[in-house]
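Engineer: My structure is in input_14.json, and what it holds is JSON, C-alpha atoms:
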[["chain", "number", "residue", "atom", "x", "y", "z"],
["Y", 137, "MET", "CA", 20.82, -39.53, 0.50],
["Y", 138, "ARG", "CA", 21.90, -36.62, -1.69],
["Y", 139, "ARG", "CA", 18.34, -36.10, -2.97],
["Y", 140, "GLY", "CA", 17.06, -36.09, 0.58],
["Y", 141, "LEU", "CA", 19.60, -33.46, 1.57],
["Y", 142, "ILE", "CA", 18.72, -31.27, -1.42],
["Y", 143, "LEU", "CA", 15.01, -31.59, -0.62],
["Y", 144, "ALA", "CA", 15.63, -30.68, 3.02],
["Y", 145, "VAL", "CA", 17.63, -27.61, 1.97],
["Y", 146, "LEU", "CA", 14.91, -26.52, -0.46],
["Y", 147, "LEU", "CA", 12.22, -26.96, 2.18],
["Y", 148, "GLY", "CA", 14.32, -25.00, 4.66],
["Y", 149, "VAL", "CA", 14.89, -22.15, 2.22],
["Y", 150, "THR", "CA", 11.18, -22.06, 1.33],
["Y", 151, "ALA", "CA", 10.17, -21.96, 4.98],
["Y", 152, "ALA", "CA", 12.71, -19.22, 5.67],
["Y", 153, "LEU", "CA", 11.40, -17.09, 2.79],
["Y", 154, "LEU", "CA", 7.76, -17.54, 3.78],
["Y", 155, "THR", "CA", 8.39, -16.59, 7.39],
["Y", 156, "TRP", "CA", 10.96, -13.85, 6.70],
["Y", 157, "THR", "CA", 9.67, -10.73, 8.43],
["Y", 158, "THR", "CA", 10.83, -7.16, 8.04],
["Y", 159, "PRO", "CA", 10.30, -5.44, 11.41],
["Y", 160, "GLY", "CA", 8.54, -2.11, 11.59],
["Y", 161, "ARG", "CA", 10.43, 0.93, 12.78],
["Y", 162, "SER", "CA", 9.90, 1.62, 16.45],
["Y", 163, "THR", "CA", 9.35, 5.18, 17.67],
["Y", 164, "SER", "CA", 9.40, 6.91, 21.01],
["Y", 165, "SER", "CA", 6.12, 7.13, 22.88],
["Y", 166, "HIS", "CA", 3.67, 9.88, 22.01],
["Y", 167, "ALA", "CA", 1.09, 9.21, 24.69],
["Y", 168, "GLY", "CA", -2.03, 11.25, 24.23],
["Y", 169, "SER", "CA", -1.03, 12.49, 20.79],
["Y", 170, "GLN", "CA", -3.69, 12.76, 18.14],
["Y", 171, "ARG", "CA", -4.14, 9.77, 15.86],
["Y", 172, "ILE", "CA", -4.61, 10.08, 12.12],
["Y", 173, "THR", "CA", -7.07, 7.55, 10.72],
["Y", 174, "ALA", "CA", -6.16, 5.83, 7.47],
["Y", 175, "TYR", "CA", -7.43, 2.70, 5.74],
["Y", 176, "LEU", "CA", -6.10, -0.24, 3.79],
["Y", 177, "LEU", "CA", -8.44, -1.61, 1.11],
["Y", 178, "ASP", "CA", -8.34, -5.07, -0.48],
["Y", 179, "ASN", "CA", -10.45, -5.88, -3.54],
["Y", 180, "GLY", "CA", -9.32, -9.50, -3.56],
["Y", 181, "PHE", "CA", -6.37, -8.86, -5.86],
["Y", 182, "HIS", "CA", -5.02, -5.35, -5.33],
["Y", 183, "THR", "CA", -4.53, -3.16, -2.24],
["Y", 184, "ASP", "CA", -4.92, 0.61, -1.90],
["Y", 185, "LEU", "CA", -4.52, 3.05, 0.96],
["Y", 186, "VAL", "CA", -6.99, 5.79, 1.86],
["Y", 187, "VAL", "CA", -5.70, 8.78, 3.82],
["Y", 188, "PRO", "CA", -7.17, 12.13, 4.86],
["Y", 189, "ARG", "CA", -6.37, 14.88, 2.37],
["Y", 190, "ALA", "CA", -5.87, 17.46, 5.12],
["Y", 191, "ALA", "CA", -3.11, 15.39, 6.73],
["Y", 192, "LEU", "CA", -1.24, 15.15, 3.43],
["Y", 193, "MET", "CA", -1.59, 18.87, 2.74],
["Y", 194, "GLN", "CA", -0.46, 19.76, 6.26],
["Y", 195, "ARG", "CA", 2.90, 18.04, 5.81],
["Y", 196, "GLY", "CA", 3.64, 19.83, 2.52],
["Y", 197, "GLY", "CA", 6.21, 18.56, 0.03],
["Y", 198, "ARG", "CA", 5.93, 17.07, -3.43],
["Y", 199, "LEU", "CA", 3.13, 14.67, -2.51],
["Y", 200, "ALA", "CA", 1.04, 17.57, -1.24],
["Y", 201, "GLN", "CA", 1.83, 19.39, -4.49],
["Y", 202, "ALA", "CA", 0.39, 16.46, -6.44],
["Y", 203, "VAL", "CA", -2.67, 16.25, -4.19],
["Y", 204, "ALA", "CA", -3.33, 19.97, -4.66],
["Y", 205, "GLU", "CA", -3.92, 19.32, -8.37],
["Y", 206, "LEU", "CA", -6.78, 16.90, -7.70],
["Y", 207, "ALA", "CA", -10.53, 17.46, -7.74],
["Y", 208, "PRO", "CA", -12.30, 18.10, -4.39],
["Y", 209, "GLY", "CA", -12.53, 15.29, -1.84],
["Y", 210, "ASP", "CA", -11.66, 14.90, 1.83],
["Y", 211, "TRP", "CA", -10.04, 11.48, 1.29],
["Y", 212, "ILE", "CA", -7.32, 10.39, -1.12],
["Y", 213, "VAL", "CA", -7.18, 6.80, -2.37],
["Y", 214, "ILE", "CA", -3.56, 5.93, -3.08],
["Y", 215, "GLY", "CA", -2.34, 3.00, -5.12],
["Y", 216, "TRP", "CA", 0.62, 1.95, -7.24],
["Y", 217, "GLY", "CA", 1.00, -0.29, -10.26],
["Y", 218, "ASP", "CA", 2.12, -0.88, -13.81],
["Y", 219, "ALA", "CA", 1.82, 2.23, -15.98],
["Y", 220, "LYS", "CA", -0.39, 0.48, -18.56],
["Y", 221, "PHE", "CA", -2.11, -2.52, -16.95],
["Y", 222, "TYR", "CA", -3.06, -0.65, -13.77],
["Y", 223, "VAL", "CA", -4.65, 2.25, -15.62],
["Y", 224, "ASP", "CA", -6.55, 0.16, -18.19],
["Y", 225, "GLN", "CA", -10.06, -0.83, -17.06],
["Y", 226, "SER", "CA", -11.09, -2.92, -20.04],
["Y", 227, "PRO", "CA", -12.17, -6.55, -19.35],
["Y", 228, "ILE", "CA", -9.35, -8.61, -17.88],
["Y", 229, "SER", "CA", -9.95, -11.34, -20.47],
["Y", 230, "SER", "CA", -8.73, -8.97, -23.19],
["Y", 231, "ARG", "CA", -5.60, -8.00, -21.24],
["Y", 232, "LEU", "CA", -4.05, -11.34, -20.35],
["Y", 233, "SER", "CA", -1.04, -10.87, -22.60],
["Y", 234, "ASP", "CA", -0.43, -7.40, -21.18],
["Y", 235, "GLY", "CA", -0.72, -8.83, -17.67],
["Y", 236, "ALA", "CA", 1.94, -11.39, -18.51],
["Y", 237, "ARG", "CA", 4.14, -8.60, -19.84],
["Y", 238, "ALA", "CA", 3.70, -6.59, -16.64],
["Y", 239, "PHE", "CA", 4.54, -9.60, -14.48],
["Y", 240, "PHE", "CA", 7.46, -11.12, -16.30],
["Y", 241, "ARG", "CA", 9.19, -8.35, -18.26],
["Y", 242, "PRO", "CA", 11.64, -6.58, -15.98],
["Y", 243, "GLY", "CA", 11.74, -2.82, -15.59],
["Y", 244, "ASN", "CA", 8.16, -1.88, -16.49],
["Y", 245, "PRO", "CA", 7.27, 1.79, -15.92],
["Y", 246, "SER", "CA", 4.85, 2.40, -13.06],
["Y", 247, "VAL", "CA", 2.44, 5.03, -11.80],
["Y", 248, "LEU", "CA", 1.21, 6.33, -8.46],
["Y", 249, "MET", "CA", -2.57, 6.76, -8.37],
["Y", 250, "LEU", "CA", -4.11, 9.59, -6.37],
["Y", 251, "ASP", "CA", -7.92, 9.52, -6.40],
["Y", 252, "PRO", "CA", -9.98, 12.06, -4.40],
["Y", 253, "GLU", "CA", -13.16, 10.85, -2.69],
["Y", 254, "ILE", "CA", -15.80, 12.74, -0.74],
["Y", 255, "GLN", "CA", -17.48, 9.82, 1.04],
["Y", 256, "ASP", "CA", -16.06, 8.37, 4.27],
["Y", 257, "PRO", "CA", -14.29, 5.05, 3.50],
["Y", 258, "GLN", "CA", -16.17, 3.30, 6.31],
["Y", 259, "ALA", "CA", -19.42, 4.03, 4.49],
["Y", 260, "ARG", "CA", -18.11, 3.32, 0.99],
["Y", 261, "TYR", "CA", -16.08, 0.13, 1.45],
["Y", 262, "ALA", "CA", -17.21, -3.17, 2.98],
["Y", 263, "ALA", "CA", -15.67, -4.12, 6.33],
["Y", 264, "ASP", "CA", -14.42, -7.50, 5.06],
["Y", 265, "GLY", "CA", -12.14, -5.73, 2.56],
["Y", 266, "ARG", "CA", -11.01, -2.91, 4.82],
["Y", 267, "ALA", "CA", -8.61, -2.45, 7.72],
["Y", 268, "THR", "CA", -8.41, 0.70, 9.82],
["Y", 269, "LEU", "CA", -5.05, 2.17, 10.84],
["Y", 270, "LEU", "CA", -4.62, 4.65, 13.68],
["Y", 271, "LEU", "CA", -1.34, 6.49, 13.11],
["Y", 272, "THR", "CA", 0.55, 8.99, 15.19],
["Y", 273, "ARG", "CA", 1.85, 11.96, 13.25],
["Y", 274, "PRO", "CA", 5.42, 10.59, 13.05],
["Y", 275, "ALA", "CA", 4.14, 7.25, 11.75],
["Y", 276, "PHE", "CA", 1.90, 8.96, 9.21],
["Y", 277, "ASP", "CA", 4.74, 11.18, 8.04],
["Y", 278, "ARG", "CA", 7.02, 8.16, 7.53],
["Y", 279, "MET", "CA", 4.27, 6.46, 5.54],
["Y", 280, "ALA", "CA", 3.74, 9.60, 3.44],
["Y", 281, "ASP", "CA", 7.51, 9.90, 2.92],
["Y", 282, "ARG", "CA", 7.55, 6.38, 1.45],
["Y", 283, "ILE", "CA", 4.64, 7.21, -0.86],
["Y", 284, "GLU", "CA", 6.28, 10.47, -1.92],
["Y", 285, "ALA", "CA", 9.52, 8.62, -2.64],
["Y", 286, "SER", "CA", 7.69, 6.77, -5.43],
["Y", 287, "LEU", "CA", 7.13, 9.95, -7.43],
["Y", 288, "ASP", "CA", 9.27, 10.59, -10.48],
["Y", 289, "LEU", "CA", 10.54, 14.12, -9.93],
["Y", 290, "SER", "CA", 13.05, 14.13, -12.78],
["Y", 291, "ASN", "CA", 11.22, 17.02, -14.43],
["Y", 292, "GLY", "CA", 11.30, 19.08, -11.25],
["Y", 293, "GLY", "CA", 7.94, 18.06, -9.79],
["Y", 294, "PRO", "CA", 5.14, 15.47, -9.91],
["Y", 295, "ARG", "CA", 4.08, 14.65, -13.46],
["Y", 296, "VAL", "CA", 0.69, 13.27, -14.48],
["Y", 297, "ALA", "CA", 1.35, 10.27, -16.72],
["Y", 298, "ALA", "CA", -2.23, 9.13, -17.35],
["Y", 299, "VAL", "CA", -5.89, 10.00, -16.77],
["Y", 300, "ARG", "CA", -9.11, 8.10, -17.38],
["Y", 301, "PRO", "CA", -12.11, 9.75, -19.08],
["Y", 302, "GLY", "CA", -14.78, 10.73, -16.55],
["Y", 303, "ASP", "CA", -12.56, 9.74, -13.63],
["Y", 304, "ASP", "CA", -11.04, 12.08, -11.04],
["Y", 305, "ALA", "CA", -8.09, 9.73, -10.45],
["Y", 306, "ARG", "CA", -4.72, 10.96, -11.62],
["Y", 307, "PHE", "CA", -1.80, 8.65, -12.30],
["Y", 308, "PHE", "CA", 1.54, 10.26, -11.59],
["Y", 309, "ALA", "CA", 4.78, 8.95, -13.07],
["Y", 310, "SER", "CA", 6.70, 6.81, -10.58],
["Y", 311, "ARG", "CA", 10.42, 6.25, -10.38],
["Y", 312, "GLU", "CA", 9.90, 2.60, -9.35],
["Y", 313, "THR", "CA", 9.54, -0.32, -11.75],
["Y", 314, "PHE", "CA", 6.87, -3.02, -11.80],
["Y", 315, "SER", "CA", 7.39, -6.78, -12.16],
["Y", 316, "ILE", "CA", 6.63, -10.06, -10.41],
["Y", 317, "LEU", "CA", 9.40, -9.12, -7.97],
["Y", 318, "HIS", "CA", 7.78, -5.78, -7.10],
["Y", 319, "LEU", "CA", 3.99, -5.86, -7.35],
["Y", 320, "CYS", "CA", 1.30, -3.49, -6.10],
["Y", 321, "ASN", "CA", 0.87, -5.48, -2.88],
["Y", 322, "HIS", "CA", 4.61, -5.46, -2.24],
["Y", 323, "TRP", "CA", 4.46, -1.69, -2.55],
["Y", 324, "SER", "CA", 1.52, -1.39, -0.12],
["Y", 325, "ALA", "CA", 3.34, -3.62, 2.37],
["Y", 326, "GLN", "CA", 6.43, -1.42, 2.14],
["Y", 327, "VAL", "CA", 4.33, 1.67, 2.82],
["Y", 328, "LEU", "CA", 2.82, 0.00, 5.89],
["Y", 329, "ASN", "CA", 6.28, -1.09, 6.99],
["Y", 330, "ALA", "CA", 7.44, 2.53, 6.82],
["Y", 331, "ALA", "CA", 4.60, 3.41, 9.20],
["Y", 332, "GLY", "CA", 5.78, 0.79, 11.70],
["Y", 333, "LEU", "CA", 4.09, -2.48, 10.70],
["Y", 334, "PRO", "CA", 6.19, -5.64, 10.50],
["Y", 335, "ILE", "CA", 5.66, -7.33, 7.12],
["Y", 336, "ARG", "CA", 6.48, -10.63, 5.44],
["Y", 337, "PRO", "CA", 7.83, -9.51, 2.05],
["Y", 338, "VAL", "CA", 7.48, -12.83, 0.20],
["Y", 339, "ARG", "CA", 3.90, -13.46, 1.32],
["Y", 340, "SER", "CA", 2.97, -9.88, 0.48],
["Y", 341, "ILE", "CA", 2.51, -10.89, -3.14],
["Y", 342, "LEU", "CA", -1.12, -11.56, -2.09],
["Y", 343, "SER", "CA", -3.53, -8.78, -1.15],
["Y", 344, "VAL", "CA", -5.09, -10.94, 1.58],
["Y", 345, "GLU", "CA", -1.69, -11.20, 3.29],
["Y", 346, "VAL", "CA", -1.31, -7.42, 3.36],
["Y", 347, "LEU", "CA", -4.83, -7.02, 4.77],
["Y", 348, "ARG", "CA", -4.24, -9.79, 7.31],
["Y", 349, "THR", "CA", -0.99, -8.13, 8.36],
["Y", 350, "ALA", "CA", -2.73, -4.82, 8.96],
["Y", 351, "ARG", "CA", -5.35, -6.55, 11.11],
["Y", 352, "ARG", "CA", -2.99, -8.86, 12.97],
["Y", 353, "GLN", "CA", -0.10, -6.66, 13.96],
["Y", 354, "THR", "CA", 0.25, -4.84, 17.24],
["Y", 355, "SER", "CA", 1.55, -1.47, 18.30],
["Y", 356, "PRO", "CA", 5.39, -1.61, 18.22],
["Y", 357, "GLU", "CA", 5.83, -0.17, 21.73],
["Y", 358, "HIS", "CA", 2.77, -1.19, 23.73],
["Y", 359, "GLY", "CA", 1.80, -4.52, 22.19],
["Y", 360, "ARG", "CA", -1.87, -3.65, 21.83],
["Y", 361, "ASN", "CA", -3.48, -6.40, 19.80],
["Y", 362, "TRP", "CA", -6.25, -4.92, 17.66],
["Y", 363, "ALA", "CA", -6.94, -8.14, 15.73],
["Y", 364, "GLY", "CA", -10.59, -9.08, 15.77],
["Y", 365, "THR", "CA", -13.80, -9.35, 13.82],
["Y", 366, "GLU", "CA", -15.82, -6.53, 15.32],
["Y", 367, "PRO", "CA", -15.53, -3.15, 13.53],
["Y", 368, "GLU", "CA", -13.99, -1.36, 16.51],
["Y", 369, "LEU", "CA", -11.24, -3.98, 16.71],
["Y", 370, "ASP", "CA", -10.48, -3.98, 13.01],
["Y", 371, "ARG", "CA", -7.46, -1.71, 13.26],
["Y", 372, "ALA", "CA", -3.76, -1.42, 14.02],
["Y", 373, "ALA", "CA", -2.54, 1.28, 16.38],
["Y", 374, "LEU", "CA", 0.82, 2.25, 15.00],
["Y", 375, "GLY", "CA", 3.63, 4.56, 15.90],
["Y", 376, "ASP", "CA", 2.88, 5.04, 19.61]]
Just give me the structure of the file as structure tokens.
Structural biologist:
Amino acid sequence: MRRGLILAVLLGVTAALLTWTTPGRSTSSHAGSQRITAYLLDNGFHTDLVVPRAALMQRGGRLAQAVAELAPGDWIVIGWGDAKFYVDQSPISSRLSDGARAFFRPGNPSVLMLDPEIQDPQARYAADGRATLLLTRPAFDRMADRIEASLDLSNGGPRVAAVRPGDDARFFASRETFSILHLCNHWSAQVLNAAGLPIRPVRSILSVEVLRTARRQTSPEHGRNWAGTEPELDRAALGD
């Protein structure tokens, strides 16, 4: 009897955690306002965001200051991760111990990646690993605010913590810490949540969940369902 009760409680707690949803912030209607196109990318393990450089520069602030230091490119790929494991591109088989360290040691330093690209993301990245987001300016600004909040500004401004030879990406020191409790996909989900997307924090450990969320969710105010398989339906209209 007691074992059955304990099992029922554990199943209930597990179900509650898996279905726990953090609602997106609702905004007032901005009918007819211009939408800013951004993208979520999923490589099967890790998620990144791609946003127009001009939109970031227009809003100003510390994030724009960091972007201004980058090489030319109309799009900025943005990601977050462990300060060592995320930057290192050597074969994964040689980095298993470091991966375990990043996952299970608490308080690991992290970095925010900003990588300029010239080519349109729709031409560069396959549709099955990409979701399109149409954001109003307020929604985009909230998303950018969340990204900017990751920057370590303790030295007075954004600080480049790492570079890769022959790579235009720059890795800026982040004030957040990396561990199994706060992974790259958790971070991406939080950024989307700031823009207005409801997320399931526990399930967001997986990149496919973050991508599925971006494709499944509807506009907070108008309930437009953009979920679908055709390219023109592969988007979420946020922040109306």
Engineer: Applying 7 Å and only C-alpha atoms, which residues near Y:Leu319 remain after dropping the ones on its own chain fewer than 5 positions away? List them as a compact mmCIF listing (two decimals) with C-alpha atoms, keeping the file's coordinate frame.
Structural biologist:
# COMPACT_ATOMS: atom_id res chain seq x y z
CA GLY Y 217 1.00 -0.29 -10.26
CA PHE Y 314 6.87 -3.02 -11.80
CA ILE Y 341 2.51 -10.89 -3.14
Engineer: Write out as a ChimeraX atom specification which residues come within 9 Å of Y:Ala190 when counting all atoms listed in the file, dropping same-chain ones fewer than 4 positions away.
Structural biologist: /Y:194-195,210-211
Engineer: Which residues come within 12 Å of Y:Phe240, counting only C-alpha atoms, excluding same-chain residues fewer than 3 positions away, as a list of chain:residue names?
Structural biologist: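 Everything that qualifies: Y:Asp218, Y:Ser233, Y:Asp234, Y:Gly235, Y:Ala236, Y:Arg237, Y:Gly243, Y:Asn244, Y:Thr313, Y:Phe314, Y:Ser315, Y:Ile316, Y:Leu317, Y:His318, Y:Leu319.
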Engineer: How big is the axis-aligned box around the listed atoms of stretch 173-178 of chain Y once 5 Å is added on each side, and where is its centre? Give both in Å to one decimal, as lines of an AutoDock Vina configuration file.
Structural biologist:
center_x = -7.3
center_y = 1.2
center_z = 5.1
size_x = 12.3
size_y = 22.6
size_z = 21.2
Engineer: Can you work out which one of Y:Ala262, Y:Ala309, Y:Ile254, Y:Ala191 has the shortest atom-to-atom distance to Y:Leu176, counting all atoms listed in the file?
Structural biologist: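 The closest residue to Y:Leu176 is Y:Ala262.
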Engineer: If you take only C-alpha atoms and a cut-off of 12 Å, which residues of stretch 210-268 of chain Y touch stretch 294-300 of chain Y, and what are their nearest atom pairs and distances in Å to one decimal, in chain and number order, as a Markdown table?
Structural biologist:
| residue | atom | partner | partner_atom | distance |
| --- | --- | --- | --- | --- |
| Y:Asp218 | CA | Y:Ala298 | CA | 11.5 |
| Y:Ala219 | CA | Y:Ala297 | CA | 8.1 |
| Y:Lys220 | CA | Y:Ala298 | CA | 8.9 |
| Y:Phe221 | CA | Y:Ala298 | CA | 11.7 |
| Y:Tyr222 | CA | Y:Ala298 | CA | 10.4 |
| Y:Val223 | CA | Y:Ala298 | CA | 7.5 |
| Y:Asp224 | CA | Y:Arg300 | CA | 8.4 |
| Y:Gln225 | CA | Y:Arg300 | CA | 9.0 |
| Y:Ser226 | CA | Y:Arg300 | CA | 11.5 |
| Y:Pro245 | CA | Y:Ala297 | CA | 10.4 |
| Y:Ser246 | CA | Y:Ala297 | CA | 9.4 |
| Y:Val247 | CA | Y:Ala297 | CA | 7.3 |
| Y:Leu248 | CA | Y:Ala297 | CA | 9.2 |
| Y:Met249 | CA | Y:Ala298 | CA | 9.3 |
| Y:Leu250 | CA | Y:Val296 | CA | 10.1 |
| Y:Asp251 | CA | Y:Val299 | CA | 10.6 |
Engineer: Could you pull the residues within 12 Å of Y:Ala200, counting only C-alpha atoms, minus those fewer than 4 positions along the same chain, as a list in words?
Structural biologist: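 Everything that qualifies: Pro188, Arg189, Ala190, Ala191, Leu192, Met193, Gln194, Arg195, Gly196, Ala204, Glu205, Leu206, Ile212, Leu250, Asp277, Ala280, Asp281, Ile283, Glu284, Leu287, Gly293 and Pro294 of chain Y.
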Engineer: What is the distance, in Å and to one decimal place, between atom CA of Y:Leu328 and atom CA of Y:Gln255?
Structural biologist: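 About the pair atom CA of Y:Leu328 and atom CA of Y:Gln255: they are 23.1 Å apart.
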Engineer: Hey, can you check how far atom CA of Y:Arg339 sits from atom CA of Y:Ile214?
Structural biologist: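 That distance, rounded to one decimal, is 21.2 Å.
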Engineer: Quick one: pull the distance between atom CA of Y:Val344 and atom CA of Y:Gly265, Å, one decimal.
Structural biologist: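 These two atoms are separated by 8.8 Å.
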Engineer: If we count all atoms listed in the file, what is near Y:Asp264 at a cut-off of 9 Å, once residues fewer than 2 positions away on the same chain are taken out, given as a short mmCIF file (atom, residue, chain, number, x, y, z; two decimals) with C-alpha atoms, keeping the file's coordinate frame?
Structural biologist:
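Writing done, so here's selection_12.cif:
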data_model
loop_
_atom_site.label_atom_id
_atom_site.label_comp_id
_atom_site.auth_asym_id
_atom_site.auth_seq_id
_atom_site.Cartn_x
_atom_site.Cartn_y
_atom_site.Cartn_z
CA ASP Y 178 -8.34 -5.07 -0.48
CA TYR Y 261 -16.08 0.13 1.45
CA ALA Y 262 -17.21 -3.17 2.98
CA ARG Y 266 -11.01 -2.91 4.82
CA ALA Y 267 -8.61 -2.45 7.72
CA THR Y 365 -13.80 -9.35 13.82
#
Engineer: Have a look at Y:Val213, Y:Ile335, Y:Ile172, Y:Leu289 and name the one nearest to Y:Gly197; count only C-alpha atoms.
Structural biologist: Y:Leu289
